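**Q** This is the structure I want to talk about, given as structure tokens.
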Amino acid sequence: MSEKTVKAIMEQAQVFASSWSMVGGPFAADDQLERAEDEKLELEKMVVGALEGSVGAPQDVGEMIEALLAWHKRQADQLNLVSDNAKEGVTLQLGTDDPVEIVLTKDMAKGLRIGLVLALERLGKLPISVSHDGDDDGDDLDSDDE
């Protein structure tokens with residue numbers, strides 16, 4: 001979750017808390033309870049969105065690139081994890097509704113590892129990066145010449 005999202009949620013929590021603290025008080029508006037409930041719903045929407053990933057959607061190009069880089073790293077990490085565990089005797093489960101289980105033979109494990117190496121090569125290294133203000137290199141977006 002980005003710092004921007006956390007900050008927005010914390011600000012909304014403060015708005016909700018402030019609104020709620022006025023309910024029933026001498027300075028409360030006639031509809032203060034309704035206002036507080038609206039602020040609570042907004043806060044809940046932001047928290048649920050952040051947990052589901054929608055609030056944390058990139059707001060600018062830098063955030064979009066960071067999100068893409070994070071996604072790419074997760075994909076590569078998952079492929080490496082499967083590759084590291086692709087050994088003879090390991091059982092793979094394919095599907096969820098009506099799963100098919102396959103016990104890897106030595107040759108099957110070797111073939112799976114080869115396939116995963118090819119997948120990792122195909123996934124490759126993304127030719128972009130993000131630099132933040134204050135970084136020494138001064139480039140906002142870099143291209144790799146690989």
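For the structure tokens, the naming scheme is as follows: chains receive sequential letters (A, B, ...) according to their order of presentation, residues are indexed from 1 within each chain, and ligands are indexed from 1 in presentation order.
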Would you pick out the contacts of region 39-55 of chain A at 10 Å or less, using only C-alpha atoms, so that residues sharing its chain but fewer than 4 positions from it are not included, and give the list as a list in words?

**A**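 Counting only the stated atoms, we get Met1, Ser2, Lys4, Thr5, Val6, Ala8, Ile9, Met10, Glu11, Gln12, Ala13, Gln14, Val15, Phe16, Ala17, Ser18, Ser19, Trp20, Leu33, Glu34, Arg35 and Gln59 of chain A.
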
**Q** Dump as a Markdown table the rows for residues of region 65-87 of chain A within 7 Å of region 115-127 of chain A: closest atom pair and distance in Å with one decimal, only C-alpha atoms counted, ordered by chain and rising residue number.

**A**
```
| residue | atom | partner | partner_atom | distance |
| --- | --- | --- | --- | --- |
| A:Ala76 | CA | A:Leu120 | CA | 6.5 |
| A:Leu79 | CA | A:Leu116 | CA | 6.4 |
| A:Ser83 | CA | A:Leu116 | CA | 6.2 |
```

**Q** Please, what distance in Å, to one decimal, runs between CA of Val103 (chain A) and CA of His72 (chain A)?

**A** 28.8 Å

**Q** Using DSSP on the backbone, list every residue of chain A that comes out as strand (DSSP E), and give them as a ChimeraX atom specification.

**A** /A:91-94,100-103,128-130,141-143

**Q** Next, the residues of the selection above should be written as a compact mmCIF listing (two decimals), in the first residue's frame with C-alpha atoms.

**A**
```txt
# COMPACT_ATOMS: atom_id res chain seq x y z
CA THR A 91 2.65 -33.42 -5.69
CA LEU A 92 1.20 -30.63 -7.82
CA GLN A 93 -2.48 -29.80 -7.56
CA LEU A 94 -3.98 -28.35 -10.73
CA VAL A 100 -6.06 -33.00 -10.47
CA GLU A 101 -3.03 -34.16 -8.49
CA ILE A 102 0.21 -35.01 -10.24
CA VAL A 103 3.16 -36.59 -8.47
CA ILE A 128 12.06 0.71 -16.45
CA SER A 129 12.73 1.96 -12.96
CA VAL A 130 11.68 4.81 -10.71
CA LEU A 141 12.69 7.11 -15.48
CA ASP A 142 15.57 4.97 -16.65
CA SER A 143 15.71 2.58 -19.58
```

**Q** Mind pulling up the distance from CA of Ser131 (chain A) to CA of Lys73 (chain A)?

**A**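 Between CA of Lys73 (chain A) and CA of Ser131 (chain A) the gap works out to 17.1 Å.
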
**Q** Return the single residue from A:Leu81, A:Ala67, A:Val90, A:Val61 that is closest to Lys106 (chain A), with distances computed using only C-alpha atoms.

**A** A:Val90

**Q** Got a sec to tell me which of chain A DSSP assigns to alpha helix (DSSP H), as number ranges by chain?

**A** A: 3-22, 32-52, 61-84, 106-123

**Q** Could you check which of A:Leu104, A:Ile65, A:Lys7, A:Ala36 is closest to Lys87 (chain A), using only C-alpha atoms?

**A**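 Distance minimum relative to Lys87 (chain A) lands on A:Leu104.
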